[in-house]
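Novice: To be precise about what I am sending: the file is called start-v1.txt and holds compact mmCIF, C-alpha atoms and all ligand atoms.
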# COMPACT_ATOMS: atom_id res chain seq x y z
CA MET A 64 22.21 -1.61 6.70
CA SER A 65 19.09 -3.57 5.86
CA HIS A 66 18.13 -4.07 2.22
CA PRO A 67 14.81 -2.65 1.02
CA ALA A 68 12.17 -5.32 0.44
CA PRO A 69 12.35 -6.78 -3.07
CA LEU A 70 9.86 -5.33 -5.57
CA VAL A 71 8.84 -8.84 -6.64
CA GLU A 72 9.13 -12.04 -4.71
CA LEU A 73 8.07 -15.61 -5.41
CA ARG A 74 7.65 -17.66 -2.26
CA ASN A 75 7.52 -21.42 -2.63
CA VAL A 76 5.59 -21.18 -5.87
CA THR A 77 4.33 -24.27 -7.62
CA PHE A 78 2.71 -24.02 -11.02
CA GLY A 79 1.89 -26.42 -13.81
CA TYR A 80 -0.14 -26.61 -16.98
CA GLY A 81 -2.59 -29.50 -16.72
CA ASP A 82 -0.84 -32.22 -14.78
CA ARG A 83 2.63 -31.12 -15.91
CA THR A 84 4.38 -29.22 -13.14
CA ILE A 85 6.64 -26.52 -14.58
CA LEU A 86 7.74 -24.76 -11.38
CA ARG A 87 8.08 -26.65 -8.13
CA ASP A 88 8.51 -24.78 -4.85
CA VAL A 89 10.28 -21.87 -6.52
CA SER A 90 11.43 -18.93 -4.42
CA LEU A 91 13.13 -15.97 -6.01
CA GLN A 92 13.57 -12.26 -5.49
CA VAL A 93 13.69 -9.32 -7.84
CA PRO A 94 15.60 -6.60 -5.98
CA ARG A 95 14.42 -3.00 -6.39
CA GLY A 96 16.36 -0.76 -8.71
CA LYS A 97 18.36 -3.64 -10.15
CA VAL A 98 18.49 -5.58 -13.40
CA THR A 99 17.61 -9.22 -12.75
CA ALA A 100 18.30 -11.80 -15.44
CA LEU A 101 16.13 -14.88 -15.59
CA MET A 102 17.90 -17.63 -17.47
CA GLY A 103 17.73 -21.35 -17.96
CA ALA A 104 17.09 -24.04 -20.49
CA SER A 105 14.29 -23.68 -22.98
CA GLY A 106 10.96 -24.72 -21.50
CA GLY A 107 12.27 -24.22 -17.97
CA GLY A 108 9.46 -21.82 -17.12
CA LYS A 109 10.97 -18.34 -17.56
CA THR A 110 8.02 -16.91 -19.47
CA THR A 111 5.75 -18.64 -16.98
CA VAL A 112 7.44 -16.67 -14.19
CA LEU A 113 6.77 -13.40 -16.05
CA ARG A 114 3.12 -14.37 -16.50
CA LEU A 115 2.82 -15.17 -12.79
CA ILE A 116 4.28 -11.76 -11.92
CA GLY A 117 1.87 -10.02 -14.30
CA GLY A 118 -1.04 -11.97 -12.81
CA GLN A 119 -2.01 -13.54 -16.15
CA ILE A 120 -1.80 -16.91 -14.40
CA LYS A 121 -2.01 -17.81 -10.71
CA ALA A 122 0.30 -19.88 -8.57
CA GLN A 123 -1.21 -23.19 -7.55
CA GLN A 124 0.77 -23.09 -4.32
CA GLY A 125 2.84 -20.37 -2.70
CA GLN A 126 2.73 -16.63 -3.23
CA VAL A 127 3.76 -14.10 -5.85
CA LEU A 128 4.26 -10.73 -4.19
CA PHE A 129 4.44 -7.42 -6.03
CA ASP A 130 5.45 -4.59 -3.72
CA GLY A 131 4.45 -6.80 -0.79
CA LYS A 132 0.95 -7.61 -2.12
CA ASP A 133 -0.15 -11.09 -3.12
CA VAL A 134 -0.86 -11.00 -6.87
CA GLY A 135 -2.90 -14.22 -6.67
CA GLN A 136 -5.34 -12.61 -4.21
CA MET A 137 -5.96 -9.43 -6.20
CA GLN A 138 -9.39 -8.53 -7.55
CA ASN A 139 -9.54 -7.39 -11.17
CA ALA A 140 -9.37 -3.67 -10.32
CA GLN A 141 -6.24 -4.19 -8.21
CA LEU A 142 -4.72 -6.35 -10.91
CA TYR A 143 -5.24 -3.66 -13.56
CA ALA A 144 -3.83 -1.02 -11.22
CA MET A 145 -0.78 -3.21 -10.63
CA ARG A 146 -0.26 -3.84 -14.34
CA ARG A 147 -0.15 -0.12 -14.94
CA ARG A 148 2.95 -0.13 -12.76
CA MET A 149 4.57 -2.71 -15.05
CA GLY A 150 5.87 -2.48 -18.57
CA MET A 151 6.16 -5.67 -20.56
CA LEU A 152 8.18 -6.11 -23.66
CA PHE A 153 7.74 -9.38 -25.44
CA GLN A 154 10.09 -10.94 -27.92
CA PHE A 155 8.90 -9.28 -31.06
CA GLY A 156 7.07 -6.50 -29.21
CA ALA A 157 4.85 -6.03 -32.24
CA LEU A 158 4.14 -2.46 -33.23
CA PHE A 159 0.84 -1.48 -34.79
CA THR A 160 1.80 -1.51 -38.44
CA ASP A 161 -0.77 1.08 -39.51
CA MET A 162 0.42 3.69 -36.99
CA SER A 163 3.47 5.93 -37.05
CA VAL A 164 6.25 5.52 -34.49
CA LEU A 165 4.83 8.49 -32.58
CA ASP A 166 1.30 7.08 -32.49
CA ASN A 167 2.59 3.69 -31.39
CA VAL A 168 4.32 5.18 -28.37
CA ALA A 169 1.35 7.48 -27.69
CA PHE A 170 -1.08 4.54 -27.69
CA PRO A 171 -0.90 3.59 -23.97
CA LEU A 172 -1.01 7.27 -22.97
CA ARG A 173 -4.15 7.85 -25.03
CA GLU A 174 -5.70 4.61 -23.75
CA HIS A 175 -4.95 5.01 -20.06
CA THR A 176 -4.73 8.73 -19.34
CA ARG A 177 -6.67 11.87 -20.16
CA LEU A 178 -3.62 13.97 -20.79
CA PRO A 179 -4.01 16.75 -23.35
CA GLU A 180 -2.59 15.95 -26.79
CA SER A 181 0.23 18.48 -26.45
CA MET A 182 1.45 16.74 -23.30
CA VAL A 183 1.12 13.30 -24.90
CA ARG A 184 3.35 14.53 -27.72
CA ASP A 185 5.96 15.88 -25.30
CA ILE A 186 6.04 12.64 -23.30
CA VAL A 187 6.30 10.56 -26.48
CA LEU A 188 9.20 12.65 -27.75
CA MET A 189 10.95 12.33 -24.38
CA LYS A 190 10.56 8.55 -24.44
CA LEU A 191 11.70 8.36 -28.05
CA HIS A 192 14.67 10.53 -27.14
CA ALA A 193 15.57 8.10 -24.34
CA VAL A 194 15.85 5.30 -26.89
CA GLY A 195 17.62 7.48 -29.45
CA LEU A 196 14.74 7.68 -31.92
CA ARG A 197 13.23 11.13 -31.48
CA GLY A 198 14.04 11.78 -35.12
CA ALA A 199 12.12 8.71 -36.30
CA ARG A 200 8.75 9.85 -34.93
CA ASP A 201 7.02 10.18 -38.30
CA LEU A 202 8.23 6.90 -39.80
CA MET A 203 5.96 3.90 -40.17
CA PRO A 204 7.04 0.52 -38.71
CA SER A 205 7.69 -0.79 -42.24
CA GLN A 206 10.32 1.95 -42.69
CA ILE A 207 12.49 1.06 -39.69
CA SER A 208 14.88 -1.80 -38.94
CA GLY A 209 14.14 -4.66 -36.56
CA GLY A 210 16.50 -3.21 -33.95
CA MET A 211 14.80 0.19 -34.19
CA ALA A 212 11.37 -1.43 -33.91
CA ARG A 213 12.53 -3.09 -30.72
CA ARG A 214 13.54 0.31 -29.35
CA VAL A 215 10.19 1.86 -30.31
CA ALA A 216 8.45 -0.98 -28.46
CA LEU A 217 10.68 -0.18 -25.50
CA ALA A 218 9.70 3.50 -25.63
CA ARG A 219 6.07 2.38 -25.68
CA ALA A 220 6.65 0.06 -22.70
CA ILE A 221 8.02 2.95 -20.62
CA ALA A 222 5.40 5.48 -21.80
CA LEU A 223 3.40 5.22 -18.58
CA ASP A 224 6.50 5.38 -16.35
CA PRO A 225 6.36 1.84 -14.98
CA GLU A 226 8.26 0.82 -11.86
CA LEU A 227 8.97 -2.65 -13.19
CA ILE A 228 9.83 -3.57 -16.74
CA MET A 229 9.93 -7.15 -17.93
CA TYR A 230 11.70 -8.11 -21.13
CA ASP A 231 11.11 -11.49 -22.73
CA GLU A 232 14.07 -12.28 -24.96
CA PRO A 233 14.86 -8.70 -25.92
CA PHE A 234 17.97 -9.74 -27.86
CA ALA A 235 16.41 -12.47 -30.00
CA GLY A 236 17.18 -12.02 -33.67
CA LEU A 237 19.32 -8.89 -33.28
CA ASP A 238 22.66 -8.40 -34.99
CA PRO A 239 25.64 -7.96 -32.62
CA ILE A 240 25.61 -4.15 -32.77
CA SER A 241 21.87 -3.84 -32.18
CA LEU A 242 22.22 -6.42 -29.44
CA GLY A 243 24.92 -4.38 -27.70
CA THR A 244 22.77 -1.26 -28.07
CA ALA A 245 19.72 -3.00 -26.65
CA ALA A 246 21.67 -4.34 -23.68
CA ARG A 247 23.16 -0.95 -22.90
CA LEU A 248 19.74 0.64 -23.21
CA ILE A 249 18.23 -1.78 -20.69
CA ARG A 250 20.98 -0.84 -18.25
CA THR A 251 20.82 2.92 -18.91
CA LEU A 252 17.04 3.15 -18.71
CA ASN A 253 17.00 1.07 -15.55
CA ASP A 254 19.41 3.43 -13.84
CA ALA A 255 18.24 6.74 -15.34
CA LEU A 256 14.54 6.12 -14.74
CA GLY A 257 14.96 4.34 -11.39
CA LEU A 258 13.32 1.20 -12.80
CA THR A 259 13.51 -2.39 -11.73
CA SER A 260 14.10 -4.70 -14.68
CA VAL A 261 13.66 -8.40 -15.31
CA VAL A 262 15.29 -9.76 -18.45
CA VAL A 263 14.59 -13.24 -19.79
CA SER A 264 17.35 -14.08 -22.18
CA HIS A 265 19.37 -16.85 -23.73
CA ASP A 266 22.26 -14.59 -24.55
CA LEU A 267 24.71 -15.52 -21.81
CA GLU A 268 27.49 -13.06 -22.43
CA GLU A 269 25.36 -9.96 -22.86
CA THR A 270 23.03 -10.87 -20.03
CA PHE A 271 25.75 -11.61 -17.50
CA HIS A 272 27.31 -8.33 -18.49
CA VAL A 273 24.15 -6.26 -18.01
CA ALA A 274 22.62 -7.94 -14.93
CA ASP A 275 23.13 -7.24 -11.22
CA HIS A 276 21.27 -10.35 -10.16
CA VAL A 277 21.02 -13.65 -12.02
CA VAL A 278 18.46 -16.41 -11.47
CA ILE A 279 18.90 -19.73 -13.26
CA LEU A 280 15.85 -21.94 -13.54
CA GLY A 281 16.25 -25.63 -14.13
CA ALA A 282 14.56 -28.94 -13.46
CA GLY A 283 11.47 -27.27 -12.01
CA GLY A 284 13.37 -25.18 -9.48
CA ILE A 285 16.02 -22.54 -8.98
CA ALA A 286 19.41 -23.94 -9.90
CA ALA A 287 21.31 -20.82 -8.84
CA GLN A 288 20.66 -17.24 -7.77
CA GLY A 289 23.06 -14.42 -7.00
CA THR A 290 25.43 -11.93 -8.60
CA PRO A 291 26.79 -12.93 -12.02
CA GLU A 292 30.10 -13.82 -10.33
CA GLN A 293 28.42 -15.98 -7.69
CA VAL A 294 26.39 -17.82 -10.31
CA GLN A 295 29.41 -18.39 -12.54
CA ALA A 296 31.27 -19.86 -9.58
CA ASN A 297 28.39 -22.18 -8.66
CA PRO A 298 29.61 -25.80 -8.98
CA ASP A 299 26.13 -27.25 -9.62
CA ALA A 300 26.25 -29.49 -12.73
CA LEU A 301 23.15 -27.95 -14.29
CA VAL A 302 24.43 -24.42 -13.77
CA GLN A 303 27.78 -25.29 -15.29
CA GLN A 304 26.13 -27.05 -18.23
CA PHE A 305 24.07 -23.96 -18.85
CA ILE A 306 26.87 -21.44 -18.45
CA HIS A 307 29.17 -23.36 -20.74
CA ALA A 308 26.38 -24.18 -23.19
CA ARG A 309 27.15 -27.88 -23.13
CA PRO A 310 24.71 -30.10 -25.02
CA ASN A 311 25.01 -32.91 -22.48
CA GLY A 312 24.34 -32.73 -18.77
CA PRO A 313 21.32 -32.73 -16.48
CA VAL A 314 19.20 -30.88 -19.07
CA PRO A 315 17.77 -33.55 -21.35
CA PHE A 316 17.66 -33.11 -25.11
CA HIS A 317 14.17 -34.65 -25.41
CA TYR A 318 10.88 -33.06 -24.39
CA PRO A 319 9.05 -35.62 -22.20
CA ALA A 320 7.39 -38.12 -24.52
CA PRO A 321 5.77 -41.51 -24.42
CA SER A 322 8.37 -44.26 -24.67
CA LEU A 323 9.60 -45.23 -28.13
CA GLU A 324 8.05 -48.60 -27.48
CA GLN A 325 4.63 -46.99 -26.93
CA ASP A 326 4.88 -44.79 -30.01
CA PHE A 327 6.49 -47.18 -32.46
CA GLY A 328 6.39 -50.59 -30.87
CA GLY A 329 3.84 -53.28 -31.50
CA ARG A 330 3.31 -52.30 -35.12
CA ALA A 331 4.53 -55.17 -37.17
N1 LIG B 1 -0.47 -22.27 -22.12
C1 LIG B 1 0.24 -23.40 -21.97
N2 LIG B 1 -0.35 -24.60 -21.92
C2 LIG B 1 0.36 -25.74 -21.75
N3 LIG B 1 1.71 -25.78 -21.63
C3 LIG B 1 2.36 -24.60 -21.69
C4 LIG B 1 1.66 -23.35 -21.87
N4 LIG B 1 2.59 -22.36 -21.89
C5 LIG B 1 3.79 -22.97 -21.73
N5 LIG B 1 3.66 -24.30 -21.60
C6 LIG B 1 4.75 -25.27 -21.37
O1 LIG B 1 5.37 -24.93 -20.15
C7 LIG B 1 6.79 -25.08 -20.24
C8 LIG B 1 7.47 -23.77 -19.80
O2 LIG B 1 7.17 -22.77 -20.74
P1 LIG B 1 7.83 -21.32 -20.67
O3 LIG B 1 7.37 -20.60 -21.89
O4 LIG B 1 7.57 -20.71 -19.35
O5 LIG B 1 9.37 -21.69 -20.78
P2 LIG B 1 10.63 -20.79 -21.07
O6 LIG B 1 11.64 -21.12 -20.05
O7 LIG B 1 10.20 -19.37 -21.18
O8 LIG B 1 11.07 -21.35 -22.47
P3 LIG B 1 11.78 -20.65 -23.73
O9 LIG B 1 13.12 -20.25 -23.26
O10 LIG B 1 11.82 -21.78 -24.72
O11 LIG B 1 10.89 -19.51 -24.13
C9 LIG B 1 7.10 -25.48 -21.67
O12 LIG B 1 7.36 -26.86 -21.68
C10 LIG B 1 5.83 -25.17 -22.42
O13 LIG B 1 5.64 -26.13 -23.43
Could you show the structure in this file as structure tokens?
Ligand SMILES: Nc1ncnc2c1ncn2[C@@H]1O[C@H](COP(=O)(O)OP(=O)(O)OP(=O)(O)O)[C@@H](O)[C@H]1O
Specialist:
Amino acid sequence: MSHPAPLVELRNVTFGYGDRTILRDVSLQVPRGKVTALMGASGGGKTTVLRLIGGQIKAQQGQVLFDGKDVGQMQNAQLYAMRRRMGMLFQFGALFTDMSVLDNVAFPLREHTRLPESMVRDIVLMKLHAVGLRGARDLMPSQISGGMARRVALARAIALDPELIMYDEPFAGLDPISLGTAARLIRTLNDALGLTSVVVSHDLEETFHVADHVVILGAGGIAAQGTPEQVQANPDALVQQFIHARPNGPVPFHYPAPSLEQDFGGRA
């Protein structure tokens, strides 16, 4: 049986900021209906990949395909239409502090649709129910915990029924119970809503547990890609350093810098 085409695909993508190349000839696939984890050392370009997929930045070489269409070639109208099919949840998916939980989740519906208010309310309550917070609708962001705020942001990200949802470090700063809840929620929502999910995370254990497909970025390229088991079994030194969280290995400790000589030398 042939596999359906991936929802997102990077083909030989090269991208850099200024003259610093961050991604070099990167090819990766985000399979439909699955949870894909994007991992790798800090600064490896994970957020950059999400921004390429969302069309906020363009590949300098190669192609980024969303549902078979080249994101880099899209006109603004097509780009906006594509973004409506994507939900994005950034690290501290900030809520509007002067709006109730309900109004926060209703925001994209009121912005992007002309649905009657009664329907907006029903959709919001359904989304809040999906994240376990239907009862918190009237609270203000200052009255809820960090873990709950993260779930409200998630309800808001799925308000418009996206096909793809991208999470940038959804577990950062969560206590172990909230972290477990968040991870389970990513899995449950993915399967119940027929989503495709991309999760950027540093939390190895939780991410390997929740993902179907793992991509490890390193040294400008893809260090490994496959099922969690395949990636764990990959003998590549960088992959092993990453999986075992070793401080020493191919990933350098220092951000590229002028030589010590240049910075400190010659000053008597
Ligand atoms: N707008 C920008 N201008 C210049 N350099 C940038 C910009 N955004 C990111 N970078 C650099 O590009 C590199 C990759 O950044 P990116 O945020 O994609 O990494 P990451 O893998 O998501 O890192 P982390 O895990 O630390 O969030 C970093 O070295 C960063 O300093």
Novice: Which residues of chain A come within 6 Å of ligand LIG 1 (chain B), and for each one, what is the closest pair of atoms and their distance in Å to one decimal, counting only C-alpha atoms and all ligand atoms, sorted by chain and residue number, as a Markdown table?
Specialist:
| residue | atom | partner | partner_atom | distance |
| --- | --- | --- | --- | --- |
| A:Tyr80 | CA | B:LIG1 | C2 | 4.9 |
| A:Ile85 | CA | B:LIG1 | C7 | 5.8 |
| A:Ser105 | CA | B:LIG1 | O10 | 3.6 |
| A:Gly106 | CA | B:LIG1 | O5 | 3.5 |
| A:Gly107 | CA | B:LIG1 | O6 | 3.8 |
| A:Gly108 | CA | B:LIG1 | O4 | 3.1 |
| A:Lys109 | CA | B:LIG1 | O6 | 3.8 |
| A:Thr110 | CA | B:LIG1 | O7 | 3.7 |
| A:Thr111 | CA | B:LIG1 | O4 | 3.6 |
Novice: Produce a table with one row for each residue of stretch 197-260 of chain A that has an atom at most 7 Å from any atom of stretch 145-167 of chain A, each row naming the nearest atom pair and its distance in Å at one decimal; use all atoms listed in the file; arrange rows by chain and rising residue number; format as a tab-separated table.
Specialist:
residue	atom	partner	partner_atom	distance
A:Ala199	CA	A:Val164	CA	6.9
A:Arg200	CA	A:Leu165	CA	4.8
A:Asp201	CA	A:Ser163	CA	5.7
A:Leu202	CA	A:Ser163	CA	5.6
A:Met203	CA	A:Ser163	CA	4.5
A:Pro204	CA	A:Thr160	CA	5.6
A:Arg213	CA	A:Gly156	CA	6.6
A:Val215	CA	A:Val164	CA	6.8
A:Ala216	CA	A:Gly156	CA	5.7
A:Leu217	CA	A:Leu152	CA	6.7
A:Arg219	CA	A:Asn167	CA	6.8
A:Ala220	CA	A:Gly150	CA	4.9
A:Ile221	CA	A:Gly150	CA	6.2
A:Pro225	CA	A:Arg148	CA	4.5
A:Glu226	CA	A:Arg148	CA	5.5
A:Leu227	CA	A:Met149	CA	4.8
A:Ile228	CA	A:Gly150	CA	4.5
A:Met229	CA	A:Met151	CA	4.8
A:Tyr230	CA	A:Leu152	CA	4.8
A:Asp231	CA	A:Phe153	CA	4.8
A:Glu232	CA	A:Gln154	CA	5.1
A:Pro233	CA	A:Gln154	CA	5.6
A:Ala235	CA	A:Gln154	CA	6.8
Novice: For a test of reading the model, state the distance in Å between atom CA of A:Leu223 and atom CA of A:His175, rounded to one decimal.
Specialist: 8.5 Å
Novice: Pull the closest atom pair for each residue of stretch 201-265 of chain A that gets at most 7 Å from stretch 187-196 of chain A, along with the distance in Å to one decimal, counting all atoms listed in the file, ordering rows by chain and then ascending residue number, as a Markdown table.
Specialist:
| residue | atom | partner | partner_atom | distance |
| --- | --- | --- | --- | --- |
| A:Arg214 | CA | A:Val194 | CA | 6.0 |
| A:Ala218 | CA | A:Lys190 | CA | 5.3 |
| A:Ala222 | CA | A:Lys190 | CA | 6.6 |
Novice: Looking at all atoms listed in the file, which of A:Gly81, A:Pro239, A:Gly131, A:Gly281 is the one that sits closest to A:Leu301?
Specialist: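 Once distances to A:Leu301 are computed over all atoms listed in the file, the minimum belongs to A:Gly281.
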Novice: Using all atoms listed in the file for the distances, tell me which of A:Arg87, A:Lys97, A:Arg184, A:Arg74 is nearest to A:Leu252.
Specialist: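 For A:Leu252, the nearest of the candidates is A:Lys97.
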Novice: When you look at A:Ala255 with a cut-off of 12 Å (counting only C-alpha atoms), what residues show up, excluding the ones that are within fewer than 4 positions of it in the same chain? I need them as a ChimeraX atom specification.
Specialist: /A:96-97,193-194,224,247-251,259
Novice: Would you export the selected residues with C-alpha atoms as a compact mmCIF listing (two decimals), keeping the file's coordinate frame, please?
Specialist:
# COMPACT_ATOMS: atom_id res chain seq x y z
CA GLY A 96 16.36 -0.76 -8.71
CA LYS A 97 18.36 -3.64 -10.15
CA ALA A 193 15.57 8.10 -24.34
CA VAL A 194 15.85 5.30 -26.89
CA ASP A 224 6.50 5.38 -16.35
CA ARG A 247 23.16 -0.95 -22.90
CA LEU A 248 19.74 0.64 -23.21
CA ILE A 249 18.23 -1.78 -20.69
CA ARG A 250 20.98 -0.84 -18.25
CA THR A 251 20.82 2.92 -18.91
CA THR A 259 13.51 -2.39 -11.73
Novice: Using only C-alpha atoms, list the residues that have an atom at most 8 Å from (25.1, -7.0, -24.4), coordinates as in the file, as a PyMOL selection string.
Specialist: chain A and resi 242-247+268-270+272-273
Novice: How far is it from atom CA of A:Leu237 to atom CA of A:His265, in Å with one decimal?
Specialist: 12.4 Å
Novice: For atom CA of A:Gly103 and atom CA of A:Phe78, determine how far apart the two atoms are, in Å to one decimal place.
Specialist: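 Separation of atom CA of A:Gly103 and atom CA of A:Phe78: 16.8 Å.
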Novice: Just add N, CA and C atoms to stretch 217-234 of chain A and send it as a PDB file, in the frame of the given file.
Specialist:
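Wrote result32.pdb, looks like this:
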ATOM      1  N   LEU A 217      10.174  -0.501 -26.836  1.00  0.00           N
ATOM      2  CA  LEU A 217      10.680  -0.180 -25.500  1.00  0.00           C
ATOM      3  C   LEU A 217      10.169   1.194 -25.053  1.00  0.00           C
ATOM      4  N   ALA A 218      10.218   2.165 -25.954  1.00  0.00           N
ATOM      5  CA  ALA A 218       9.700   3.500 -25.630  1.00  0.00           C
ATOM      6  C   ALA A 218       8.222   3.404 -25.256  1.00  0.00           C
ATOM      7  N   ARG A 219       7.500   2.551 -25.978  1.00  0.00           N
ATOM      8  CA  ARG A 219       6.070   2.380 -25.680  1.00  0.00           C
ATOM      9  C   ARG A 219       5.883   1.717 -24.305  1.00  0.00           C
ATOM     10  N   ALA A 220       6.767   0.760 -23.983  1.00  0.00           N
ATOM     11  CA  ALA A 220       6.650   0.060 -22.700  1.00  0.00           C
ATOM     12  C   ALA A 220       6.932   0.981 -21.509  1.00  0.00           C
ATOM     13  N   ILE A 221       7.714   2.045 -21.741  1.00  0.00           N
ATOM     14  CA  ILE A 221       8.020   2.950 -20.620  1.00  0.00           C
ATOM     15  C   ILE A 221       7.168   4.224 -20.673  1.00  0.00           C
ATOM     16  N   ALA A 222       6.200   4.265 -21.614  1.00  0.00           N
ATOM     17  CA  ALA A 222       5.400   5.480 -21.800  1.00  0.00           C
ATOM     18  C   ALA A 222       4.678   5.888 -20.512  1.00  0.00           C
ATOM     19  N   LEU A 223       4.178   4.903 -19.781  1.00  0.00           N
ATOM     20  CA  LEU A 223       3.400   5.220 -18.580  1.00  0.00           C
ATOM     21  C   LEU A 223       4.265   5.219 -17.311  1.00  0.00           C
ATOM     22  N   ASP A 224       5.565   5.354 -17.484  1.00  0.00           N
ATOM     23  CA  ASP A 224       6.500   5.380 -16.350  1.00  0.00           C
ATOM     24  C   ASP A 224       6.328   4.217 -15.385  1.00  0.00           C
ATOM     25  N   PRO A 225       6.521   2.994 -15.876  1.00  0.00           N
ATOM     26  CA  PRO A 225       6.360   1.840 -14.980  1.00  0.00           C
ATOM     27  C   PRO A 225       7.472   1.793 -13.938  1.00  0.00           C
ATOM     28  N   GLU A 226       7.205   1.029 -12.866  1.00  0.00           N
ATOM     29  CA  GLU A 226       8.260   0.820 -11.860  1.00  0.00           C
ATOM     30  C   GLU A 226       9.049  -0.427 -12.205  1.00  0.00           C
ATOM     31  N   LEU A 227       8.338  -1.379 -12.817  1.00  0.00           N
ATOM     32  CA  LEU A 227       8.970  -2.650 -13.190  1.00  0.00           C
ATOM     33  C   LEU A 227       8.857  -2.818 -14.689  1.00  0.00           C
ATOM     34  N   ILE A 228       9.933  -3.247 -15.315  1.00  0.00           N
ATOM     35  CA  ILE A 228       9.830  -3.570 -16.740  1.00  0.00           C
ATOM     36  C   ILE A 228      10.341  -4.992 -16.957  1.00  0.00           C
ATOM     37  N   MET A 229       9.549  -5.763 -17.686  1.00  0.00           N
ATOM     38  CA  MET A 229       9.930  -7.150 -17.930  1.00  0.00           C
ATOM     39  C   MET A 229      10.172  -7.340 -19.420  1.00  0.00           C
ATOM     40  N   TYR A 230      11.322  -7.877 -19.735  1.00  0.00           N
ATOM     41  CA  TYR A 230      11.700  -8.110 -21.130  1.00  0.00           C
ATOM     42  C   TYR A 230      11.753  -9.601 -21.387  1.00  0.00           C
ATOM     43  N   ASP A 231      11.004 -10.070 -22.380  1.00  0.00           N
ATOM     44  CA  ASP A 231      11.110 -11.490 -22.730  1.00  0.00           C
ATOM     45  C   ASP A 231      11.941 -11.613 -23.996  1.00  0.00           C
ATOM     46  N   GLU A 232      13.133 -12.104 -23.850  1.00  0.00           N
ATOM     47  CA  GLU A 232      14.070 -12.280 -24.960  1.00  0.00           C
ATOM     48  C   GLU A 232      14.259 -11.028 -25.802  1.00  0.00           C
ATOM     49  N   PRO A 233      14.734  -9.957 -25.182  1.00  0.00           N
ATOM     50  CA  PRO A 233      14.860  -8.700 -25.920  1.00  0.00           C
ATOM     51  C   PRO A 233      15.955  -8.739 -26.987  1.00  0.00           C
ATOM     52  N   PHE A 234      16.841  -9.717 -26.915  1.00  0.00           N
ATOM     53  CA  PHE A 234      17.970  -9.740 -27.860  1.00  0.00           C
ATOM     54  C   PHE A 234      17.740 -10.699 -29.025  1.00  0.00           C
TER      55      PHE A 234
END
